[in-house]
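Undergrad: Just so it is clear, I am handing over input25.cif, which has mmCIF, C-alpha atoms.
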data_work
#
loop_
_atom_site.label_atom_id
_atom_site.label_comp_id
_atom_site.auth_asym_id
_atom_site.auth_seq_id
_atom_site.Cartn_x
_atom_site.Cartn_y
_atom_site.Cartn_z
CA MET A 1 0.00 0.00 0.00
CA ARG A 2 1.36 3.41 -0.95
CA ASN A 3 2.44 5.75 1.83
CA ILE A 4 0.49 9.01 1.67
CA LYS A 5 3.72 10.93 2.27
CA GLU A 6 4.81 9.97 -1.24
CA LEU A 7 2.39 12.66 -2.44
CA SER A 8 3.05 16.38 -2.71
CA LEU A 9 0.19 18.69 -1.85
CA SER A 10 -0.80 19.09 -5.50
CA GLU A 11 -0.65 15.32 -6.08
CA LEU A 12 -2.84 14.72 -3.03
CA GLU A 13 -5.31 17.35 -4.26
CA ALA A 14 -5.48 15.51 -7.61
CA VAL A 15 -6.28 12.19 -5.86
CA LEU A 16 -9.02 13.83 -3.79
CA LYS A 17 -10.46 15.45 -6.90
CA GLU A 18 -10.74 12.00 -8.51
CA TRP A 19 -12.62 10.88 -5.39
CA GLY A 20 -14.97 13.84 -5.66
CA SER A 21 -13.65 15.16 -2.32
CA PRO A 22 -13.11 18.84 -1.52
CA LYS A 23 -9.70 20.33 -2.32
CA TYR A 24 -9.24 21.81 1.17
CA LEU A 25 -9.08 18.27 2.58
CA ALA A 26 -5.51 17.98 1.27
CA GLN A 27 -4.44 21.00 3.35
CA GLU A 28 -6.09 19.46 6.42
CA LEU A 29 -4.27 16.16 5.87
CA PHE A 30 -0.93 17.96 5.48
CA SER A 31 -1.61 19.82 8.72
CA TRP A 32 -2.39 16.61 10.62
CA ILE A 33 0.63 14.73 9.25
CA TYR A 34 3.36 17.38 9.17
CA LYS A 35 2.36 20.08 11.65
CA LYS A 36 0.66 17.95 14.31
CA GLY A 37 2.68 14.79 13.66
CA ILE A 38 -0.37 12.50 13.64
CA GLN A 39 0.35 9.13 12.03
CA ASP A 40 -3.11 7.59 12.35
CA PHE A 41 -6.03 8.49 10.07
CA SER A 42 -8.54 7.59 12.81
CA LYS A 43 -7.22 10.44 15.00
CA MET A 44 -7.80 13.14 12.37
CA SER A 45 -10.95 14.36 14.07
CA ASN A 46 -12.03 17.12 11.68
CA ILE A 47 -12.08 14.71 8.71
CA SER A 48 -15.29 12.79 8.14
CA LEU A 49 -15.47 9.10 9.09
CA GLU A 50 -16.14 8.26 5.44
CA HIS A 51 -12.96 10.00 4.30
CA ARG A 52 -10.91 8.53 7.12
CA LYS A 53 -11.99 5.02 6.13
CA ARG A 54 -11.24 5.63 2.46
CA LEU A 55 -7.82 7.06 3.30
CA LYS A 56 -7.06 4.06 5.51
CA ASP A 57 -8.15 1.66 2.76
CA ASN A 58 -5.93 3.34 0.16
CA PHE A 59 -2.88 4.68 1.99
CA SER A 60 -0.44 3.76 4.73
CA LEU A 61 1.15 6.28 7.08
CA VAL A 62 4.14 4.73 8.89
CA THR A 63 7.15 2.96 7.41
CA LEU A 64 9.62 2.94 10.32
CA LYS A 65 9.96 1.00 13.56
CA LEU A 66 12.49 2.06 16.19
CA ILE A 67 15.02 -0.66 17.02
CA ASN A 68 17.51 1.22 19.13
CA LYS A 69 18.16 4.70 20.53
CA SER A 70 21.47 5.90 21.99
CA VAL A 71 22.15 9.21 23.73
CA SER A 72 25.66 10.65 23.97
CA ILE A 73 27.09 12.65 26.85
CA ASP A 74 27.33 15.59 24.42
CA GLY A 75 23.57 15.45 23.72
CA THR A 76 23.77 13.73 20.33
CA GLU A 77 21.01 11.15 19.85
CA LYS A 78 21.20 8.28 17.39
CA PHE A 79 18.25 6.22 16.20
CA LEU A 80 18.27 2.87 14.42
CA PHE A 81 15.08 2.11 12.48
CA CYS A 82 13.75 -0.99 10.77
CA LEU A 83 11.97 -0.50 7.43
CA GLU A 84 8.96 -2.51 6.31
CA ASP A 85 11.17 -4.82 4.21
CA GLY A 86 13.54 -5.54 7.10
CA ASN A 87 16.35 -3.22 6.06
CA SER A 88 17.72 -0.89 8.71
CA ILE A 89 18.67 2.80 8.58
CA GLU A 90 19.96 5.43 10.97
CA ALA A 91 19.09 9.03 11.83
CA VAL A 92 20.80 11.40 14.27
CA ILE A 93 19.84 14.50 16.25
CA ILE A 94 22.76 16.90 16.71
CA PRO A 95 22.27 19.74 19.21
CA ALA A 96 24.25 22.97 19.04
CA LYS A 97 23.95 26.40 20.65
CA GLU A 98 21.25 27.88 18.43
CA ARG A 99 20.24 24.96 16.28
CA LEU A 100 18.93 21.42 16.45
CA THR A 101 19.85 19.42 13.38
CA GLY A 102 18.30 16.22 12.11
CA CYS A 103 20.72 14.06 10.11
CA ILE A 104 18.79 11.88 7.66
CA SER A 105 19.70 8.75 5.69
CA THR A 106 18.81 8.54 2.01
CA GLN A 107 19.67 4.91 1.23
CA ALA A 108 19.75 1.57 3.01
CA GLY A 109 23.45 0.91 2.81
CA CYS A 110 25.73 2.69 0.37
CA LYS A 111 27.37 1.63 -2.88
CA PHE A 112 30.31 4.09 -2.73
CA ALA A 113 32.40 2.32 -0.03
CA CYS A 114 34.43 5.25 1.30
CA ARG A 115 37.28 3.83 3.35
CA PHE A 116 36.59 5.89 6.49
CA CYS A 117 32.81 5.37 6.56
CA ALA A 118 30.91 2.41 8.01
CA SER A 119 27.84 3.04 5.81
CA GLY A 120 29.05 0.91 2.90
CA ALA A 121 30.64 -1.88 4.95
CA LEU A 122 27.63 -4.15 4.40
CA GLY A 123 27.01 -3.06 0.82
CA PHE A 124 24.11 -1.28 -0.83
CA LYS A 125 20.54 -2.49 -0.36
CA ARG A 126 18.25 0.07 -2.00
CA ASN A 127 17.18 3.70 -2.25
CA LEU A 128 14.85 5.07 0.39
CA THR A 129 11.49 6.40 -0.78
CA CYS A 130 10.45 9.99 -0.27
CA ALA A 131 8.02 8.80 2.43
CA GLU A 132 10.73 6.90 4.33
CA MET A 133 12.93 9.99 4.45
CA LEU A 134 10.01 12.13 5.59
CA ASP A 135 9.22 9.53 8.26
CA GLU A 136 12.77 9.92 9.59
CA VAL A 137 12.25 13.68 9.86
CA LEU A 138 8.82 13.31 11.46
CA TYR A 139 10.09 10.79 14.01
CA LEU A 140 12.86 13.15 15.08
CA GLN A 141 10.45 16.09 14.99
CA SER A 142 8.02 14.27 17.29
CA SER A 143 10.26 14.88 20.30
CA HIS A 144 12.38 17.82 19.15
CA LYS A 145 11.76 21.04 17.24
CA LEU A 146 14.28 20.66 14.44
CA THR A 147 15.75 23.86 13.01
CA HIS A 148 17.96 22.27 10.34
CA ILE A 149 17.98 19.12 8.21
CA VAL A 150 21.09 17.54 6.70
CA PHE A 151 20.90 14.72 4.17
CA MET A 152 24.20 13.41 5.46
CA GLY A 153 23.40 10.02 7.00
CA THR A 154 23.75 6.60 5.38
CA GLY A 155 23.78 6.69 1.58
CA GLU A 156 24.51 9.17 -1.21
CA PRO A 157 21.69 11.72 -1.69
CA LEU A 158 22.55 12.54 -5.30
CA ASP A 159 22.39 8.83 -6.16
CA ASN A 160 18.74 8.90 -5.03
CA TYR A 161 18.15 12.27 -6.64
CA ASP A 162 14.44 12.38 -7.45
CA ASN A 163 13.24 11.03 -4.08
CA VAL A 164 15.58 13.36 -2.15
CA ILE A 165 14.50 16.48 -4.05
CA LYS A 166 10.83 15.59 -3.61
CA ALA A 167 11.33 15.10 0.13
CA ILE A 168 13.15 18.44 0.37
CA ARG A 169 10.36 20.28 -1.44
CA ILE A 170 7.80 18.85 1.01
CA ILE A 171 10.00 19.64 4.04
CA ASN A 172 10.44 23.18 2.72
CA SER A 173 6.76 23.79 1.85
CA LYS A 174 4.71 25.94 4.24
CA PRO A 175 1.71 23.53 4.35
CA ALA A 176 4.12 20.82 5.58
CA LEU A 177 7.14 21.49 7.82
CA GLY A 178 8.11 24.90 6.44
CA ILE A 179 11.84 24.50 7.14
CA GLY A 180 13.72 27.09 5.08
CA ALA A 181 15.76 25.83 2.14
CA ARG A 182 18.89 27.51 3.50
CA ARG A 183 18.52 25.34 6.60
CA ILE A 184 18.58 22.15 4.51
CA THR A 185 21.90 20.64 3.40
CA ILE A 186 22.64 17.97 0.81
CA SER A 187 25.96 16.19 1.32
CA SER A 188 27.50 14.38 -1.65
CA CYS A 189 30.62 12.33 -2.25
CA GLY A 190 30.92 14.14 -5.59
CA ILE A 191 28.39 12.80 -8.11
CA VAL A 192 29.04 15.30 -10.89
CA PRO A 193 25.78 14.83 -12.89
CA GLY A 194 23.82 15.26 -9.65
CA ILE A 195 25.64 18.50 -8.83
CA GLN A 196 24.85 19.75 -12.33
CA ARG A 197 21.16 18.86 -11.94
CA LEU A 198 20.99 20.49 -8.53
CA SER A 199 22.31 23.77 -9.91
CA ARG A 200 19.20 23.95 -12.13
CA GLU A 201 16.63 23.25 -9.38
CA LYS A 202 16.29 26.87 -8.17
CA LEU A 203 16.45 25.55 -4.60
CA GLN A 204 18.47 27.59 -2.13
CA VAL A 205 19.65 24.51 -0.25
CA GLU A 206 23.20 24.19 1.04
CA LEU A 207 25.57 21.86 -0.81
CA SER A 208 28.31 20.00 1.02
CA ILE A 209 30.95 17.99 -0.85
CA SER A 210 32.90 15.20 0.86
CA LEU A 211 36.42 15.95 -0.38
CA HIS A 212 38.80 14.35 2.17
CA ALA A 213 41.88 14.52 -0.06
CA ALA A 214 43.48 17.02 -2.44
CA ASP A 215 45.16 14.64 -4.89
CA ASP A 216 43.59 11.95 -7.03
CA LYS A 217 45.74 9.08 -5.72
CA THR A 218 44.83 9.64 -2.07
CA ARG A 219 41.20 10.48 -2.81
CA SER A 220 40.73 7.40 -5.01
CA ASN A 221 42.14 5.27 -2.20
CA LEU A 222 39.75 6.84 0.30
CA MET A 223 36.79 7.29 -2.05
CA PRO A 224 36.49 4.95 -5.07
CA VAL A 225 33.99 7.40 -6.64
CA ASN A 226 37.00 9.58 -7.47
CA LYS A 227 37.99 7.11 -10.20
CA LYS A 228 34.79 7.99 -12.07
CA TYR A 229 34.65 11.66 -11.11
CA PRO A 230 38.27 12.78 -10.49
CA LEU A 231 39.12 16.04 -8.76
CA SER A 232 39.49 18.08 -11.95
CA ARG A 233 35.98 17.15 -13.09
CA LEU A 234 34.48 17.53 -9.60
CA LEU A 235 36.00 20.96 -8.98
CA SER A 236 34.91 22.13 -12.43
CA ALA A 237 31.32 21.14 -11.59
CA CYS A 238 31.64 22.96 -8.25
CA ARG A 239 32.83 26.15 -9.97
CA ASP A 240 29.89 25.97 -12.37
CA TYR A 241 27.52 25.37 -9.45
CA VAL A 242 28.75 28.48 -7.63
CA MET A 243 28.50 30.49 -10.86
CA ASP A 244 24.94 29.28 -11.58
CA THR A 245 23.54 29.58 -8.05
CA ASN A 246 25.74 32.14 -6.27
CA ARG A 247 25.64 29.69 -3.34
CA GLN A 248 28.56 28.70 -1.11
CA ILE A 249 29.86 25.13 -1.21
CA THR A 250 31.21 23.53 1.95
CA PHE A 251 33.97 20.97 1.46
CA GLU A 252 33.98 18.35 4.20
CA TYR A 253 37.45 17.06 5.03
CA VAL A 254 37.75 14.19 7.52
CA LEU A 255 41.25 14.19 9.02
CA ILE A 256 42.63 10.63 9.24
CA GLU A 257 45.93 9.90 10.92
CA GLY A 258 48.68 8.94 8.50
CA VAL A 259 46.50 9.47 5.43
CA ASN A 260 45.53 13.08 4.72
CA SER A 261 46.50 15.22 7.73
CA SER A 262 50.05 16.34 6.94
CA LEU A 263 51.07 19.91 6.12
CA GLN A 264 51.78 18.72 2.58
CA SER A 265 48.12 17.64 2.34
CA ALA A 266 47.09 21.06 3.67
CA GLY A 267 49.25 22.70 0.99
CA ASN A 268 47.66 20.57 -1.75
CA LEU A 269 44.20 21.47 -0.45
CA SER A 270 44.85 25.21 -0.44
CA THR A 271 46.21 24.93 -4.00
CA ILE A 272 43.23 23.12 -5.54
CA LEU A 273 40.72 25.46 -3.85
CA ARG A 274 42.54 28.63 -4.87
CA GLY A 275 40.22 30.82 -6.92
CA LEU A 276 37.08 28.81 -6.07
CA ARG A 277 34.73 31.55 -4.97
CA LEU A 278 32.39 31.02 -1.99
CA ALA A 279 34.18 27.89 -0.77
CA LYS A 280 34.51 26.84 2.86
CA VAL A 281 36.39 23.86 4.31
CA ASN A 282 34.93 22.02 7.29
CA LEU A 283 37.65 20.00 9.01
CA ILE A 284 36.41 16.98 10.97
CA PRO A 285 38.70 14.73 13.03
CA ALA A 286 37.78 11.16 12.08
CA ASN A 287 35.48 9.23 14.38
CA PRO A 288 37.41 6.09 15.34
CA ILE A 289 36.03 3.07 13.48
CA LYS A 290 37.75 -0.09 14.69
CA GLU A 291 36.45 -2.26 11.84
CA LEU A 292 37.98 0.08 9.24
CA GLY A 293 41.23 0.91 11.06
CA VAL A 294 40.40 4.62 11.09
CA LYS A 295 41.47 7.05 13.81
CA PRO A 296 41.98 10.82 14.05
CA PRO A 297 45.35 12.62 14.14
CA GLY A 298 46.64 14.18 17.35
CA LYS A 299 45.32 17.55 18.49
CA LEU A 300 48.42 19.52 17.50
CA GLU A 301 48.47 18.02 13.99
CA ILE A 302 44.81 18.99 13.55
CA LEU A 303 45.46 22.57 14.68
CA PHE A 304 48.56 22.92 12.46
CA PHE A 305 46.48 21.73 9.48
CA ARG A 306 43.70 24.25 10.17
CA ASP A 307 46.12 27.12 10.78
CA TYR A 308 47.97 26.40 7.53
CA LEU A 309 44.74 26.72 5.57
CA LEU A 310 43.76 29.95 7.31
CA LYS A 311 47.23 31.43 6.71
CA HIS A 312 46.92 30.64 3.00
CA GLY A 313 43.53 32.27 2.54
CA VAL A 314 41.24 29.24 2.85
CA ASN A 315 38.05 29.75 4.87
CA ALA A 316 38.41 26.80 7.24
CA THR A 317 36.55 25.76 10.37
CA LEU A 318 37.17 22.89 12.76
CA ARG A 319 34.18 20.79 13.74
CA LEU A 320 34.53 18.65 16.82
CA PRO A 321 33.39 15.04 16.39
CA ARG A 322 30.05 14.30 18.03
CA GLY A 323 28.65 11.22 19.74
CA GLN A 324 31.82 9.11 19.75
CA ASP A 325 30.61 7.29 22.86
CA ILE A 326 27.49 6.08 21.01
CA GLU A 327 29.15 5.34 17.63
CA ALA A 328 27.37 8.25 15.97
CA ALA A 329 29.41 8.21 12.76
CA CYS A 330 27.44 7.13 9.69
CA GLY A 331 26.66 3.43 9.62
CA GLN A 332 28.35 2.40 12.88
CA LEU A 333 25.20 1.49 14.82
CA ARG A 334 23.67 -0.24 11.79
CA LEU A 335 26.91 -2.16 11.18
CA ARG A 336 27.00 -3.44 14.76
CA TYR A 337 23.29 -4.36 14.68
CA GLU A 338 23.37 -6.21 11.35
CA LYS A 339 26.54 -8.09 12.31
CA LYS A 340 24.70 -9.42 15.34
#
Just give me the structure of the file as structure tokens.

TA:
Amino acid sequence: MRNIKELSLSELEAVLKEWGSPKYLAQELFSWIYKKGIQDFSKMSNISLEHRKRLKDNFSLVTLKLINKSVSIDGTEKFLFCLEDGNSIEAVIIPAKERLTGCISTQAGCKFACRFCASGALGFKRNLTCAEMLDEVLYLQSSHKLTHIVFMGTGEPLDNYDNVIKAIRIINSKPALGIGARRITISSCGIVPGIQRLSREKLQVELSISLHAADDKTRSNLMPVNKKYPLSRLLSACRDYVMDTNRQITFEYVLIEGVNSSLQSAGNLSTILRGLRLAKVNLIPANPIKELGVKPPGKLEILFFRDYLLKHGVNATLRLPRGQDIEAACGQLRLRYEKK
């Protein structure tokens, strides 16, 4: 049975029109689902019993079941969900001073197998539907007032392009959650055709690119996707994106001991980003992942790396890792659960 959250407001209005139902009913349904967080047609009290029955006979509402919840000492919360077909996915709540961010998965598993990420350790299962992604948001929203959404959990958003964009448009729409586009971030490992498509969407969402190395040899070793979309092609697409949208791109750079954290790596990074307007680098010490042999550099090495970039004109910030005590990095909780 199709989940009603697969439908945009206009698509829902079209279904109701076919039923001979009033158009305003779609607005009421959106209000119940997205603003009030009601996931049961029988509880939508201002909708007639006849319509509630017909909705129940034709649509489902919930696709997720909570398996596990972990809370870190830093306030980060991680959720492991089971989907209707038995696959599992993760979502995370990340608190900060003036924001509360929901980190959402876009795929069950991941096909891109980045060396430092647990998401692809068990392979790729399938894309998530628009409804499943919205259910992640609504579950997190049920206990927290989210201010920001990042499509940065398990999976590659631009590899599930149509479903992700549809979910974003619903999240952004005023009849639904009304979260501003500039408070929504898409994180990509560098799928060039997806970046090119996104530049034409007229959506003011934030784009984050997982870079993690400044030379093709190192990046291909860390991120096999680089063999298909090498740095020259990726950075060209990023320049075009900035030109087309006038939007800043954030380059995520996970610092891994003995791999990409030397001053030579910092020099290479400042060189390839030179002249790229509206670029920012977000440095992230790696979350230790025992299964993948990944650990962060020492504190001084991290600070030297950041200071080198700043000295050479690169807008760089250092983001502290979150939720290490609950294995909050992408895929860790799912990996442990599915191994069991």

Undergrad: Could you tell me which of A:Ala96, A:Leu211, A:Leu310, A:Cys103 comes closest to Phe79 in chain A if we count only C-alpha atoms?

TA: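 With only C-alpha atoms as the atom set, the closest residue is A:Cys103.
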
Undergrad: Report as CSV the residues of range 188-226 of chain A within 9 Å of range 231-251 of chain A, each with its shortest atom pair and distance in Å (one decimal), using only C-alpha atoms, ordered by chain and increasing residue number.

TA:
residue,atom,partner,partner_atom,distance
A:Gly190,CA,A:Leu234,CA,6.3
A:Ile191,CA,A:Leu234,CA,7.9
A:Val192,CA,A:Leu234,CA,6.0
A:Pro193,CA,A:Ala237,CA,8.5
A:Ile195,CA,A:Ala237,CA,6.8
A:Gln196,CA,A:Ala237,CA,6.7
A:Leu198,CA,A:Tyr241,CA,8.2
A:Ser199,CA,A:Tyr241,CA,5.5
A:Arg200,CA,A:Asp244,CA,7.9
A:Lys202,CA,A:Thr245,CA,7.7
A:Leu203,CA,A:Thr245,CA,8.9
A:Gln204,CA,A:Arg247,CA,7.6
A:Val205,CA,A:Arg247,CA,8.5
A:Glu206,CA,A:Ile249,CA,7.1
A:Leu207,CA,A:Ile249,CA,5.4
A:Ser208,CA,A:Thr250,CA,4.7
A:Ile209,CA,A:Phe251,CA,4.8
A:Ser210,CA,A:Phe251,CA,5.9
A:Leu211,CA,A:Phe251,CA,5.9
A:His212,CA,A:Phe251,CA,8.2
A:Ala214,CA,A:Leu231,CA,7.7
A:Asp215,CA,A:Leu231,CA,7.3
A:Asp216,CA,A:Leu231,CA,6.3
A:Arg219,CA,A:Leu231,CA,8.4
A:Asn226,CA,A:Leu231,CA,6.9

Undergrad: Could you tell me which of A:Gly178, A:Gly37, A:Asp85, A:Phe59 comes closest to Val15 in chain A if we count all atoms listed in the file?

TA: A:Phe59

Undergrad: Between CA of Pro285 in chain A and CA of Ser265 in chain A, what distance in Å does the model show, to one decimal?

TA: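 Separation between CA of Pro285 in chain A and CA of Ser265 in chain A: 14.5 Å.
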
Undergrad: Report, in Å with one decimal, the straight-line distance from CA of Tyr161 in chain A to CA of Gly194 in chain A.

TA: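 Between CA of Tyr161 in chain A and CA of Gly194 in chain A the gap is 7.1 Å.
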
Undergrad: Interatomic distance between CA of Ile165 in chain A and CA of Gly102 in chain A?

TA: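 Computing the Euclidean distance for CA of Ile165 in chain A and CA of Gly102 in chain A yields 16.6 Å.
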
Undergrad: Quick check on the file I pasted: which residues fall under the PyMOL selection byres ((chain A and resi 309) around 12)? Write them as number ranges by chain.

TA: A: 261-274, 280-283, 302-308, 310-318

Undergrad: Grab the residues selected above and save them as an mmCIF file, in the frame of the given file with C-alpha atoms.

TA:
data_model
loop_
_atom_site.group_PDB
_atom_site.id
_atom_site.type_symbol
_atom_site.label_atom_id
_atom_site.label_comp_id
_atom_site.auth_asym_id
_atom_site.auth_seq_id
_atom_site.Cartn_x
_atom_site.Cartn_y
_atom_site.Cartn_z
ATOM 1 C CA SER A 261 46.500 15.220 7.730
ATOM 2 C CA SER A 262 50.050 16.340 6.940
ATOM 3 C CA LEU A 263 51.070 19.910 6.120
ATOM 4 C CA GLN A 264 51.780 18.720 2.580
ATOM 5 C CA SER A 265 48.120 17.640 2.340
ATOM 6 C CA ALA A 266 47.090 21.060 3.670
ATOM 7 C CA GLY A 267 49.250 22.700 0.990
ATOM 8 C CA ASN A 268 47.660 20.570 -1.750
ATOM 9 C CA LEU A 269 44.200 21.470 -0.450
ATOM 10 C CA SER A 270 44.850 25.210 -0.440
ATOM 11 C CA THR A 271 46.210 24.930 -4.000
ATOM 12 C CA ILE A 272 43.230 23.120 -5.540
ATOM 13 C CA LEU A 273 40.720 25.460 -3.850
ATOM 14 C CA ARG A 274 42.540 28.630 -4.870
ATOM 15 C CA LYS A 280 34.510 26.840 2.860
ATOM 16 C CA VAL A 281 36.390 23.860 4.310
ATOM 17 C CA ASN A 282 34.930 22.020 7.290
ATOM 18 C CA LEU A 283 37.650 20.000 9.010
ATOM 19 C CA ILE A 302 44.810 18.990 13.550
ATOM 20 C CA LEU A 303 45.460 22.570 14.680
ATOM 21 C CA PHE A 304 48.560 22.920 12.460
ATOM 22 C CA PHE A 305 46.480 21.730 9.480
ATOM 23 C CA ARG A 306 43.700 24.250 10.170
ATOM 24 C CA ASP A 307 46.120 27.120 10.780
ATOM 25 C CA TYR A 308 47.970 26.400 7.530
ATOM 26 C CA LEU A 310 43.760 29.950 7.310
ATOM 27 C CA LYS A 311 47.230 31.430 6.710
ATOM 28 C CA HIS A 312 46.920 30.640 3.000
ATOM 29 C CA GLY A 313 43.530 32.270 2.540
ATOM 30 C CA VAL A 314 41.240 29.240 2.850
ATOM 31 C CA ASN A 315 38.050 29.750 4.870
ATOM 32 C CA ALA A 316 38.410 26.800 7.240
ATOM 33 C CA THR A 317 36.550 25.760 10.370
ATOM 34 C CA LEU A 318 37.170 22.890 12.760
#

Undergrad: Enclose all atoms of range 52-64 of chain A listed in the file in an axis-aligned box, grow every side by 8 Å, and hand back centre and edge lengths in Å to one decimal, as AutoDock Vina command-line options.

TA:
--center_x -1.2 --center_y 5.1 --center_z 5.2 --size_x 37.6 --size_y 22.9 --size_z 26.2

Undergrad: Taking 4 positions as the minimum chain separation for residues in the same chain, which residues sit within 7 Å of Thr106 in chain A when counting only C-alpha atoms? Answer as an NGL selection string.

TA: :A and (127-128 or 133 or 151 or 153-157)

Undergrad: What residues come out when you apply the PyMOL selection byres ((chain A and resi 62) around 12) to this file, written as a PyMOL selection string?

TA: chain A and resi 1-6+33+37-41+56+59-61+63-66+81-84+131-136+138-139

Undergrad: For the structure provided, state which residues fall under the PyMOL selection byres ((chain A and resi 295) around 6), and present them as a PyMOL selection string.

TA: chain A and resi 256+286+288+294+296

Undergrad: Between A:Cys114, A:Ala167, A:Val92, A:Cys130, which is the closest to Met152 in chain A once you count all atoms listed in the file?

TA: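 Checking each candidate against Met152 in chain A, we get A:Val92 as the closest.
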
Undergrad: Of the residues A:Ile94, A:Ala26, A:Ala118, A:Ala113, which is the one nearest to Ile149 in chain A, using only C-alpha atoms?

TA: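 Of A:Ile94, A:Ala26, A:Ala118, A:Ala113, the one nearest Ile149 in chain A is A:Ile94, counting only C-alpha atoms.
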